[in-house]
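To be precise, the following lines are run.txt, and they hold compact mmCIF, C-alpha atoms.
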# COMPACT_ATOMS: atom_id res chain seq x y z
CA MET A 9 -5.63 19.18 -19.40
CA SER A 10 -7.19 22.53 -18.48
CA ALA A 11 -5.97 25.53 -16.53
CA THR A 12 -7.90 28.08 -14.47
CA LEU A 13 -6.85 31.39 -12.99
CA PRO A 14 -8.38 33.46 -10.18
CA SER A 15 -10.09 36.70 -11.20
CA ASP A 16 -7.90 39.68 -12.14
CA GLY A 17 -8.74 41.55 -8.96
CA ALA A 18 -8.39 38.67 -6.47
CA GLY A 19 -5.63 36.61 -8.05
CA PRO A 20 -2.36 38.38 -7.07
CA SER A 21 -3.33 39.19 -3.51
CA GLY A 22 -4.83 35.73 -2.99
CA ALA A 23 -1.71 34.05 -4.37
CA ALA A 24 0.57 36.15 -2.18
CA ALA A 25 -1.40 35.23 0.91
CA THR A 26 -1.48 31.53 -0.02
CA ASP A 27 2.14 31.24 -1.06
CA GLY A 28 3.59 33.20 1.81
CA THR A 29 6.85 33.93 -0.05
CA ARG A 30 8.11 36.78 -2.14
CA GLY A 31 8.66 35.87 -5.81
CA ARG A 32 11.28 37.16 -8.21
CA PHE A 33 8.68 39.05 -10.28
CA PRO A 34 5.82 41.41 -9.43
CA LEU A 35 2.66 39.37 -9.01
CA ASP A 36 0.70 41.58 -11.38
CA THR A 37 3.24 40.83 -14.15
CA VAL A 38 3.12 37.10 -13.34
CA TYR A 39 -0.66 37.18 -13.49
CA GLN A 40 -0.79 39.01 -16.82
CA ALA A 41 1.70 36.60 -18.38
CA ALA A 42 -0.28 33.59 -17.15
CA ARG A 43 -3.59 35.06 -18.29
CA MET A 44 -2.31 35.73 -21.81
CA TYR A 45 -0.63 32.32 -22.04
CA TYR A 46 -3.42 30.11 -20.67
CA LEU A 47 -6.60 32.05 -21.43
CA GLU A 48 -5.72 33.94 -24.61
CA ASP A 49 -3.47 31.23 -26.11
CA ALA A 50 -0.85 33.91 -26.85
CA THR A 51 2.59 32.67 -27.82
CA GLN A 52 5.57 33.40 -25.62
CA ASN A 53 6.94 35.75 -28.29
CA GLU A 54 3.66 37.71 -28.31
CA ILE A 55 3.62 37.91 -24.52
CA ALA A 56 7.25 39.05 -24.46
CA ALA A 57 6.44 41.87 -26.90
CA ARG A 58 3.38 43.00 -24.96
CA LEU A 59 5.09 42.96 -21.58
CA GLY A 60 8.41 44.30 -22.81
CA VAL A 61 10.45 41.35 -21.55
CA SER A 62 12.52 38.61 -23.14
CA ARG A 63 11.06 35.28 -24.21
CA PRO A 64 13.01 33.32 -21.53
CA THR A 65 11.51 35.71 -18.96
CA VAL A 66 8.01 34.82 -20.17
CA SER A 67 8.77 31.16 -19.59
CA ARG A 68 9.90 31.97 -16.07
CA LEU A 69 6.80 34.11 -15.46
CA VAL A 70 4.51 31.25 -16.49
CA SER A 71 6.39 28.81 -14.25
CA GLU A 72 6.18 31.30 -11.38
CA ALA A 73 2.41 31.59 -11.88
CA ARG A 74 2.03 27.85 -11.35
CA ARG A 75 4.42 27.84 -8.39
CA VAL A 76 2.52 30.49 -6.42
CA GLY A 77 -0.90 29.04 -7.19
CA LEU A 78 -2.16 31.49 -9.80
CA VAL A 79 -2.68 28.61 -12.24
CA ARG A 80 -4.44 25.38 -11.35
CA ILE A 81 -3.84 22.47 -13.71
CA GLU A 82 -6.45 19.74 -14.05
CA VAL A 83 -5.85 16.50 -15.94
CA VAL A 84 -9.19 15.06 -17.02
CA ASP A 85 -9.68 11.31 -17.36
CA PRO A 86 -11.08 10.90 -20.90
CA PHE A 87 -12.83 7.66 -19.87
CA GLN A 88 -14.50 8.96 -16.70
CA ASP A 89 -17.80 9.95 -18.24
CA GLU A 90 -18.02 6.66 -20.14
CA THR A 91 -17.29 4.48 -17.11
CA VAL A 92 -19.78 6.38 -14.95
CA ALA A 93 -22.48 6.01 -17.60
CA LEU A 94 -21.69 2.32 -18.13
CA ALA A 95 -21.81 1.68 -14.39
CA GLU A 96 -25.21 3.30 -14.02
CA ARG A 97 -26.70 1.50 -17.04
CA LEU A 98 -25.38 -1.83 -15.80
CA ARG A 99 -26.64 -1.20 -12.28
CA VAL A 100 -30.15 -0.69 -13.61
CA VAL A 101 -30.06 -3.64 -16.02
CA LEU A 102 -28.74 -6.09 -13.42
CA GLY A 103 -30.77 -4.63 -10.55
CA LEU A 104 -27.72 -4.17 -8.32
CA GLN A 105 -27.12 -1.74 -5.48
CA ALA A 106 -23.98 -0.35 -7.15
CA VAL A 107 -21.57 -0.99 -10.02
CA TYR A 108 -17.98 0.28 -10.23
CA VAL A 109 -16.19 0.23 -13.59
CA ALA A 110 -12.48 0.51 -14.43
CA ALA A 111 -11.68 1.99 -17.85
CA VAL A 112 -9.28 -0.77 -18.89
CA THR A 113 -7.67 -3.82 -17.32
CA HIS A 114 -4.83 -6.14 -18.24
CA ALA A 115 -4.01 -9.52 -16.73
CA ALA A 116 -0.48 -8.38 -15.85
CA THR A 117 -1.68 -5.28 -13.95
CA LEU A 118 -5.14 -6.36 -12.82
CA GLY A 119 -4.70 -5.43 -9.16
CA VAL A 120 -3.54 -1.91 -10.01
CA ASP A 121 -6.19 -1.48 -12.72
CA LEU A 122 -8.99 -2.34 -10.30
CA ALA A 123 -7.62 -0.29 -7.41
CA GLU A 124 -9.89 2.73 -7.93
CA PRO A 125 -13.24 0.93 -8.33
CA VAL A 126 -12.40 -1.44 -5.45
CA ALA A 127 -11.55 1.55 -3.24
CA ALA A 128 -14.86 3.19 -4.17
CA ALA A 129 -16.77 0.01 -3.33
CA VAL A 130 -14.99 -0.34 0.04
CA GLU A 131 -15.57 3.32 0.88
CA ALA A 132 -19.30 2.85 0.27
CA MET A 133 -19.34 0.08 2.90
CA GLY A 134 -18.86 2.71 5.64
CA LEU A 135 -16.50 0.47 7.59
CA VAL A 136 -15.33 1.17 11.13
CA PRO A 137 -12.78 -0.75 13.23
CA GLY A 138 -14.23 -4.06 14.31
CA ASP A 139 -16.35 -4.59 11.20
CA ALA A 140 -15.81 -7.79 9.21
CA VAL A 141 -15.18 -8.01 5.45
CA LEU A 142 -15.13 -11.35 3.65
CA MET A 143 -12.47 -12.31 1.10
CA SER A 144 -12.97 -15.11 -1.40
CA SER A 145 -10.42 -17.05 -3.42
CA GLY A 146 -9.74 -16.82 -7.16
CA SER A 147 -7.24 -15.13 -9.46
CA THR A 148 -8.99 -11.73 -9.51
CA VAL A 149 -9.25 -11.50 -5.72
CA HIS A 150 -5.63 -12.69 -5.49
CA ALA A 151 -4.60 -9.77 -7.74
CA ILE A 152 -6.67 -7.33 -5.68
CA ALA A 153 -5.18 -8.60 -2.43
CA HIS A 154 -1.68 -7.98 -3.75
CA GLY A 155 -2.26 -4.61 -5.35
CA ALA A 156 -5.67 -2.96 -4.94
CA MET A 157 -6.57 -2.94 -1.26
CA PRO A 158 -7.57 0.47 0.14
CA PRO A 159 -6.90 1.38 3.80
CA MET A 160 -9.11 -0.53 6.25
CA PRO A 161 -7.49 -0.05 9.67
CA GLY A 162 -8.95 -2.21 12.40
CA VAL A 163 -11.32 -4.08 10.06
CA GLN A 164 -11.27 -7.88 10.19
CA LEU A 165 -10.65 -9.65 6.88
CA VAL A 166 -12.09 -13.15 6.80
CA PRO A 167 -11.56 -15.97 4.26
CA THR A 168 -14.80 -17.42 2.94
CA VAL A 169 -13.67 -20.86 1.79
CA GLY A 170 -11.24 -23.54 2.82
CA GLY A 171 -8.00 -23.79 0.90
CA GLN A 172 -5.23 -24.51 3.35
CA ALA A 173 -2.17 -25.88 1.52
CA ASP A 174 -3.88 -25.81 -1.88
CA PRO A 175 -1.10 -26.09 -4.51
CA ASN A 176 -2.63 -23.29 -6.60
CA GLN A 177 -1.96 -19.81 -5.22
CA TRP A 178 -5.38 -18.58 -6.42
CA PHE A 179 -7.01 -20.93 -3.89
CA GLN A 180 -4.72 -20.35 -0.90
CA THR A 181 -7.32 -18.34 0.97
CA ASN A 182 -5.28 -17.72 4.11
CA GLU A 183 -2.44 -16.24 2.07
CA ILE A 184 -4.86 -14.08 0.06
CA THR A 185 -6.37 -12.77 3.29
CA ARG A 186 -2.96 -12.18 4.86
CA ALA A 187 -1.72 -10.20 1.82
CA ALA A 188 -4.91 -8.11 1.71
CA ALA A 189 -4.63 -7.33 5.42
CA GLU A 190 -0.96 -6.39 5.11
CA ARG A 191 -1.72 -3.82 2.41
CA SER A 192 -4.87 -2.41 4.00
CA GLY A 193 -3.98 -2.31 7.70
CA ALA A 194 -6.79 -4.76 8.43
CA ILE A 195 -6.65 -7.68 10.85
CA PRO A 196 -6.64 -11.12 9.19
CA ALA A 197 -8.55 -14.15 10.38
CA PHE A 198 -7.50 -17.58 9.13
CA LEU A 199 -9.37 -20.72 8.16
CA PHE A 200 -7.36 -23.89 8.72
CA ALA A 201 -9.33 -26.29 6.56
CA GLN A 202 -9.43 -27.75 3.09
CA ALA A 203 -12.19 -26.76 0.70
CA LEU A 204 -13.60 -30.30 0.72
CA PRO A 205 -12.59 -32.13 3.90
CA SER A 206 -13.43 -35.71 4.71
CA GLU A 207 -16.59 -36.44 6.68
CA ALA A 208 -14.58 -37.06 9.84
CA LEU A 209 -12.55 -33.88 9.46
CA ARG A 210 -15.64 -31.81 8.76
CA ALA A 211 -17.26 -33.14 11.91
CA SER A 212 -14.21 -32.16 13.94
CA LEU A 213 -14.16 -28.68 12.38
CA ASP A 214 -17.73 -28.08 13.49
CA GLU A 215 -16.56 -28.62 17.07
CA ASP A 216 -13.43 -26.47 16.75
CA PRO A 217 -13.65 -23.04 18.50
CA ALA A 218 -11.30 -21.35 15.98
CA PHE A 219 -13.41 -22.60 13.08
CA GLN A 220 -16.61 -21.50 14.78
CA HIS A 221 -15.11 -18.05 15.35
CA VAL A 222 -14.60 -17.62 11.60
CA VAL A 223 -18.11 -18.89 10.87
CA GLY A 224 -19.41 -16.32 13.34
CA LEU A 225 -17.59 -13.57 11.47
CA TRP A 226 -19.23 -14.71 8.24
CA GLY A 227 -22.63 -14.12 9.79
CA ARG A 228 -21.97 -10.53 10.84
CA ALA A 229 -19.92 -9.32 7.85
CA LYS A 230 -20.68 -5.82 6.64
CA GLY A 231 -19.02 -6.29 3.27
CA ALA A 232 -17.35 -8.83 1.01
CA VAL A 233 -14.91 -8.88 -1.92
CA LEU A 234 -15.97 -11.92 -3.91
CA GLY A 235 -14.42 -13.36 -7.04
CA ILE A 236 -16.92 -14.63 -9.60
CA GLY A 237 -15.54 -17.80 -11.16
CA ALA A 238 -15.75 -18.52 -14.88
CA PRO A 239 -17.78 -21.40 -16.32
CA VAL A 240 -16.15 -24.59 -15.12
CA VAL A 241 -15.62 -26.00 -18.64
CA THR A 242 -13.38 -23.01 -19.45
CA ARG A 243 -11.13 -23.28 -16.39
CA GLY A 244 -7.60 -24.57 -16.26
CA ALA A 245 -7.70 -25.33 -12.53
CA MET A 246 -10.14 -25.91 -9.68
CA ALA A 247 -9.84 -25.91 -5.92
CA ARG A 248 -8.16 -29.02 -4.57
CA GLY A 249 -10.44 -31.94 -3.79
CA LEU A 250 -13.41 -30.99 -5.95
CA PRO A 251 -14.72 -33.88 -8.10
CA VAL A 252 -14.02 -32.06 -11.35
CA ASP A 253 -14.80 -35.14 -13.47
CA ASP A 254 -18.39 -35.16 -12.27
CA ALA A 255 -20.66 -34.34 -15.22
CA VAL A 256 -22.67 -31.97 -13.04
CA PHE A 257 -19.91 -29.38 -13.39
CA ASP A 258 -20.55 -29.15 -17.12
CA ARG A 259 -23.67 -27.15 -16.23
CA ALA A 260 -21.85 -24.85 -13.81
CA THR A 261 -21.91 -21.33 -15.22
CA GLY A 262 -19.65 -20.14 -12.42
CA ASP A 263 -19.35 -19.91 -8.68
CA VAL A 264 -18.98 -17.50 -5.78
CA CYS A 265 -17.17 -18.91 -2.74
CA LEU A 266 -17.52 -22.41 -4.28
CA ASN A 267 -21.29 -22.00 -4.46
CA PHE A 268 -21.72 -23.27 -8.03
CA THR A 269 -24.68 -22.09 -10.07
CA ASP A 270 -26.44 -22.85 -13.34
CA PRO A 271 -27.34 -20.09 -15.85
CA ASP A 272 -30.46 -19.19 -13.85
CA GLY A 273 -28.51 -18.85 -10.60
CA ALA A 274 -29.86 -22.10 -9.11
CA PRO A 275 -27.43 -24.10 -6.97
CA ILE A 276 -25.49 -27.02 -8.41
CA GLU A 277 -24.78 -29.73 -5.88
CA PHE A 278 -22.44 -32.69 -6.21
CA PRO A 279 -21.11 -35.52 -4.06
CA GLY A 280 -19.55 -33.95 -0.98
CA SER A 281 -20.97 -30.47 -1.48
CA ASP A 282 -22.84 -30.74 1.82
CA ARG A 283 -19.57 -30.82 3.76
CA MET A 284 -17.70 -28.12 1.83
CA VAL A 285 -16.05 -25.35 3.81
CA ARG A 286 -17.65 -22.30 2.22
CA THR A 287 -19.78 -19.31 3.11
CA SER A 288 -23.31 -20.37 2.23
CA ARG A 289 -25.62 -18.78 -0.30
CA GLU A 290 -27.91 -17.68 2.53
CA VAL A 291 -25.10 -15.90 4.38
CA LEU A 292 -23.86 -14.18 1.21
CA ALA A 293 -27.38 -12.99 0.42
CA ALA A 294 -27.49 -11.28 3.82
CA VAL A 295 -24.20 -9.34 3.46
CA PRO A 296 -25.06 -5.63 3.05
CA HIS A 297 -22.28 -5.01 0.49
CA ALA A 298 -21.46 -8.27 -1.33
CA VAL A 299 -19.16 -6.96 -4.07
CA GLY A 300 -18.55 -9.37 -6.92
CA VAL A 301 -15.36 -8.77 -8.91
CA ALA A 302 -14.93 -10.13 -12.42
CA VAL A 303 -13.47 -9.04 -15.75
CA GLY A 304 -13.41 -10.56 -19.22
CA PRO A 305 -16.09 -11.64 -21.73
CA VAL A 306 -15.85 -15.25 -20.50
CA LYS A 307 -17.23 -14.04 -17.16
CA VAL A 308 -20.43 -12.55 -18.62
CA PRO A 309 -22.64 -15.63 -18.02
CA SER A 310 -20.98 -16.14 -14.64
CA ILE A 311 -21.79 -12.60 -13.51
CA ILE A 312 -25.40 -12.91 -14.65
CA SER A 313 -25.71 -16.25 -12.84
CA ALA A 314 -24.20 -14.82 -9.62
CA VAL A 315 -26.63 -11.90 -9.69
CA ARG A 316 -29.62 -14.14 -10.36
CA GLY A 317 -28.57 -16.40 -7.51
CA ARG A 318 -28.30 -13.40 -5.12
CA LEU A 319 -24.68 -14.27 -4.39
CA VAL A 320 -23.60 -10.65 -5.02
CA ASN A 321 -25.45 -7.34 -4.83
CA GLU A 322 -22.71 -5.04 -6.16
CA LEU A 323 -20.14 -5.40 -8.94
CA VAL A 324 -16.61 -4.29 -9.83
CA THR A 325 -15.65 -4.85 -13.47
CA ASP A 326 -14.10 -3.09 -16.46
CA ALA A 327 -15.60 -1.20 -19.39
CA ALA A 328 -15.19 -4.02 -21.90
CA THR A 329 -16.98 -6.50 -19.64
CA ALA A 330 -19.66 -3.95 -18.82
CA ARG A 331 -20.41 -3.44 -22.52
CA ALA A 332 -20.49 -7.20 -23.08
CA LEU A 333 -22.97 -7.58 -20.21
CA LEU A 334 -25.21 -4.88 -21.65
CA ASP A 335 -25.05 -6.56 -25.06
CA ALA A 336 -26.22 -9.79 -23.43
CA PHE A 337 -29.44 -8.03 -22.42
CA ALA A 338 -29.92 -6.11 -25.69

If you took the structure in this file and wrote it as structure tokens, what would it be?
Amino acid sequence: MSATLPSDGAGPSGAAATDGTRGRFPLDTVYQAARMYYLEDATQNEIAARLGVSRPTVSRLVSEARRVGLVRIEVVDPFQDETVALAERLRVVLGLQAVYVAAVTHAATLGVDLAEPVAAAVEAMGLVPGDAVLMSSGSTVHAIAHGAMPPMPGVQLVPTVGGQADPNQWFQTNEITRAAAERSGAIPAFLFAQALPSEALRASLDEDPAFQHVVGLWGRAKGAVLGIGAPVVTRGAMARGLPVDDAVFDRATGDVCLNFTDPDGAPIEFPGSDRMVRTSREVLAAVPHAVGVAVGPVKVPSIISAVRGRLVNELVTDAATARALLDAFA
């Protein structure tokens, strides 16, 4: 914490004009007490002796100085410089447009912990009413939707994958989109489809005007908030309907919007992947601000794979994950 005072000549008159009220003490006395206390580190007893007042009066003088604006208190984030430096180093190493780093995160407070970097990423999108922003599924995006969404009035939030009636809340994409819109003032769109529909259902979806409307929003999205999934072999759950027993998933380093990738970012296909309801790799690569969100050392290979596959071009993470990513390239 630091404190600053106006200059001796300008302080009292400036404070009087700003405050607009008459204090209990002469402003010159208030100023002198504050100057000695904050700038000279004088004790209240020393100030009392020098000003010829009691010690309780000194305490009141110092409080008055803050009340009328003679003292400005600044609380400095001790991690700010580190997170800014980490973000810039990681941006260069990964070749991304931007990286936003939270100092610390915890699973129980993830949405709150990521609120500031997510807000910075959304602000950089330069959104206006009518723009579209994509929302993926996953536990991190679920946490953001319920606790870290900045104001986005009039913006359309659009789910990127099917997940209607999925038993796992992390994959209920309509609910994630609805919660994010409720907290941000955005307008939600909904996708009434499973992640992996049958061939007949997929054919009917392609003819459905509501489905085609959402697909059209995918193609003109200005930004996206995209969870980066962990390596499949480390996961406790997957989206409903995926053939998780297929050996091909053993090579899956992660996914973005159910676009699974190997360590080099190349696509991993499997039976039924051609009819999946998901925003394609090509569409994601064209989004101006495709912000991947991921935290935790287990996500390091997944993040690298997503970047190599051009599934994201920006990143929100925390300091611990950022350092682990930099170590991976050391």

Contacts of stretch 275-291 of chain A within 10 Å, only C-alpha atoms, excl. fewer than 3 positions in-chain, as a count of residues only
53

Distance atom CA of A:Ala336-atom CA of A:Thr117, one decimal place?
26.7 Å

Which value, in Å to one decimal, gives the distance between atom CA of A:Thr113 and atom CA of A:Lys230?
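Separation between atom CA of A:Thr113 and atom CA of A:Lys230: 27.3 Å.
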
Contacts of A:Leu104 within 9 Å, all atoms listed in the file, excl. fewer than 5 positions in-chain, as a PyMOL selection string:
chain A and resi 98-99+315+320-323

Residue nearest A:Gly237 - candidates A:Ala208, A:Leu292, A:Lys307, A:Glu215, atoms counted: all atoms listed in the file
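Among A:Ala208, A:Leu292, A:Lys307, A:Glu215, it is A:Lys307 that comes nearest to A:Gly237.
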
Distance query A:Met44 at most 10 Å, all atoms listed in the file, self and fewer than 5 positions along chain excluded, as a PDB file with C-alpha atoms, in the frame of the given file:
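Saved to selection_7.pdb:
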ATOM      1  CA  TYR A  39      -0.660  37.180 -13.490  1.00  0.00           C
ATOM      2  CA  ASP A  49      -3.470  31.230 -26.110  1.00  0.00           C
ATOM      3  CA  ALA A  50      -0.850  33.910 -26.850  1.00  0.00           C
ATOM      4  CA  THR A  51       2.590  32.670 -27.820  1.00  0.00           C
ATOM      5  CA  GLN A  52       5.570  33.400 -25.620  1.00  0.00           C
ATOM      6  CA  GLU A  54       3.660  37.710 -28.310  1.00  0.00           C
ATOM      7  CA  ILE A  55       3.620  37.910 -24.520  1.00  0.00           C
ATOM      8  CA  ARG A  58       3.380  43.000 -24.960  1.00  0.00           C
ATOM      9  CA  VAL A  70       4.510  31.250 -16.490  1.00  0.00           C
TER      10      VAL A  70
END

Using the file's own x, y and z axes, what box holds all listed atoms of stretch 182-191 of chain A with 4 Å on each side, keeping edges along x, y and z, and what are its centre and edge lengths in Å to one decimal, as JSON?
{"center_x": -3.7, "center_y": -10.8, "center_z": 2.7, "size_x": 13.4, "size_y": 21.9, "size_z": 13.4}

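In this comparison, which uses only C-alpha atoms, the residue of A:Val163, A:Ile312, A:Leu47, A:Val92 approaching A:Leu135 most closely is A:Val163.
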
For A:Thr37, work out the shell of residues within 12 Å, counting all atoms listed in the file and skipping chain neighbours fewer than 5 positions away, then give it as JSON, numbers by chain.
{"A": [16, 19, 20, 31, 32, 42, 43, 44, 55, 56, 58, 59, 60, 61, 65, 66, 68, 69, 70, 72, 73, 78]}

The selected residues should be written to file as an mmCIF file, in the coordinates of the input (atoms: C-alpha atoms).
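Saved to again_16.cif:
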data_model
loop_
_atom_site.group_PDB
_atom_site.id
_atom_site.type_symbol
_atom_site.label_atom_id
_atom_site.label_comp_id
_atom_site.auth_asym_id
_atom_site.auth_seq_id
_atom_site.Cartn_x
_atom_site.Cartn_y
_atom_site.Cartn_z
ATOM 1 C CA ASP A 16 -7.900 39.680 -12.140
ATOM 2 C CA GLY A 19 -5.630 36.610 -8.050
ATOM 3 C CA PRO A 20 -2.360 38.380 -7.070
ATOM 4 C CA GLY A 31 8.660 35.870 -5.810
ATOM 5 C CA ARG A 32 11.280 37.160 -8.210
ATOM 6 C CA ALA A 42 -0.280 33.590 -17.150
ATOM 7 C CA ARG A 43 -3.590 35.060 -18.290
ATOM 8 C CA MET A 44 -2.310 35.730 -21.810
ATOM 9 C CA ILE A 55 3.620 37.910 -24.520
ATOM 10 C CA ALA A 56 7.250 39.050 -24.460
ATOM 11 C CA ARG A 58 3.380 43.000 -24.960
ATOM 12 C CA LEU A 59 5.090 42.960 -21.580
ATOM 13 C CA GLY A 60 8.410 44.300 -22.810
ATOM 14 C CA VAL A 61 10.450 41.350 -21.550
ATOM 15 C CA THR A 65 11.510 35.710 -18.960
ATOM 16 C CA VAL A 66 8.010 34.820 -20.170
ATOM 17 C CA ARG A 68 9.900 31.970 -16.070
ATOM 18 C CA LEU A 69 6.800 34.110 -15.460
ATOM 19 C CA VAL A 70 4.510 31.250 -16.490
ATOM 20 C CA GLU A 72 6.180 31.300 -11.380
ATOM 21 C CA ALA A 73 2.410 31.590 -11.880
ATOM 22 C CA LEU A 78 -2.160 31.490 -9.800
#

A:Ala173: which residues within 10 Å, counting only C-alpha atoms, same-chain residues fewer than 3 positions away excluded, as a PyMOL selection string?
chain A and resi 170+176-177+179-183+200-202+248

Selection file, C-alpha atoms, as a short mmCIF file (atom, residue, chain, number, x, y, z; two decimals), keeping the file's coordinate frame:
data_model
loop_
_atom_site.label_atom_id
_atom_site.label_comp_id
_atom_site.auth_asym_id
_atom_site.auth_seq_id
_atom_site.Cartn_x
_atom_site.Cartn_y
_atom_site.Cartn_z
CA GLY A 170 -11.24 -23.54 2.82
CA ASN A 176 -2.63 -23.29 -6.60
CA GLN A 177 -1.96 -19.81 -5.22
CA PHE A 179 -7.01 -20.93 -3.89
CA GLN A 180 -4.72 -20.35 -0.90
CA THR A 181 -7.32 -18.34 0.97
CA ASN A 182 -5.28 -17.72 4.11
CA GLU A 183 -2.44 -16.24 2.07
CA PHE A 200 -7.36 -23.89 8.72
CA ALA A 201 -9.33 -26.29 6.56
CA GLN A 202 -9.43 -27.75 3.09
CA ARG A 248 -8.16 -29.02 -4.57
#

Identify the residues around (-14.6, -5.0, -13.6) within a radius of 10 Å, measuring from all atoms listed in the file in the coordinates stated by the file, and give them as a PyMOL selection string.
chain A and resi 95+107-113+118+121-122+125-126+148+300-304+323-330

Serialized selection, C-alpha atoms, as a compact mmCIF listing (two decimals), in the frame of the given file:
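Just written: again-v3.txt:
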# COMPACT_ATOMS: atom_id res chain seq x y z
CA ALA A 95 -21.81 1.68 -14.39
CA VAL A 107 -21.57 -0.99 -10.02
CA TYR A 108 -17.98 0.28 -10.23
CA VAL A 109 -16.19 0.23 -13.59
CA ALA A 110 -12.48 0.51 -14.43
CA ALA A 111 -11.68 1.99 -17.85
CA VAL A 112 -9.28 -0.77 -18.89
CA THR A 113 -7.67 -3.82 -17.32
CA LEU A 118 -5.14 -6.36 -12.82
CA ASP A 121 -6.19 -1.48 -12.72
CA LEU A 122 -8.99 -2.34 -10.30
CA PRO A 125 -13.24 0.93 -8.33
CA VAL A 126 -12.40 -1.44 -5.45
CA THR A 148 -8.99 -11.73 -9.51
CA GLY A 300 -18.55 -9.37 -6.92
CA VAL A 301 -15.36 -8.77 -8.91
CA ALA A 302 -14.93 -10.13 -12.42
CA VAL A 303 -13.47 -9.04 -15.75
CA GLY A 304 -13.41 -10.56 -19.22
CA LEU A 323 -20.14 -5.40 -8.94
CA VAL A 324 -16.61 -4.29 -9.83
CA THR A 325 -15.65 -4.85 -13.47
CA ASP A 326 -14.10 -3.09 -16.46
CA ALA A 327 -15.60 -1.20 -19.39
CA ALA A 328 -15.19 -4.02 -21.90
CA THR A 329 -16.98 -6.50 -19.64
CA ALA A 330 -19.66 -3.95 -18.82

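For the choices A:Ala247, A:Met160, A:Ile195, A:Val240, the atom-to-atom distance to A:Pro309 is smallest for A:Val240 when using only C-alpha atoms.
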
Nearest to A:Ala116 by atom-to-atom distance, counting all atoms listed in the file, from A:Ala151, A:Val76, A:Ala332, A:Leu165:
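Checking each of A:Ala151, A:Val76, A:Ala332, A:Leu165 against A:Ala116, counting all atoms listed in the file, the winner is A:Ala151.
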
A:Val141 proximity check over A:Gly103, A:Pro217, A:Pro296, A:Pro34, using all atoms listed in the file: winner is A:Pro296

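The interatomic distance for the pair atom CA of A:Ile236 and atom CA of A:Thr91 works out to 20.5 Å.
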
Counting all atoms listed in the file, find residues at most 12 Å from (-3.1, -6.2, 4.2) (file frame) and give them as a ChimeraX atom specification.
/A:143,150,152-166,182-197

When distances are computed from only C-alpha atoms, which of A:Ile81, A:Leu102, A:Ala314, A:Val241 shows the smallest separation from A:Ala274?
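Closest to A:Ala274 of all the choices is A:Ala314.
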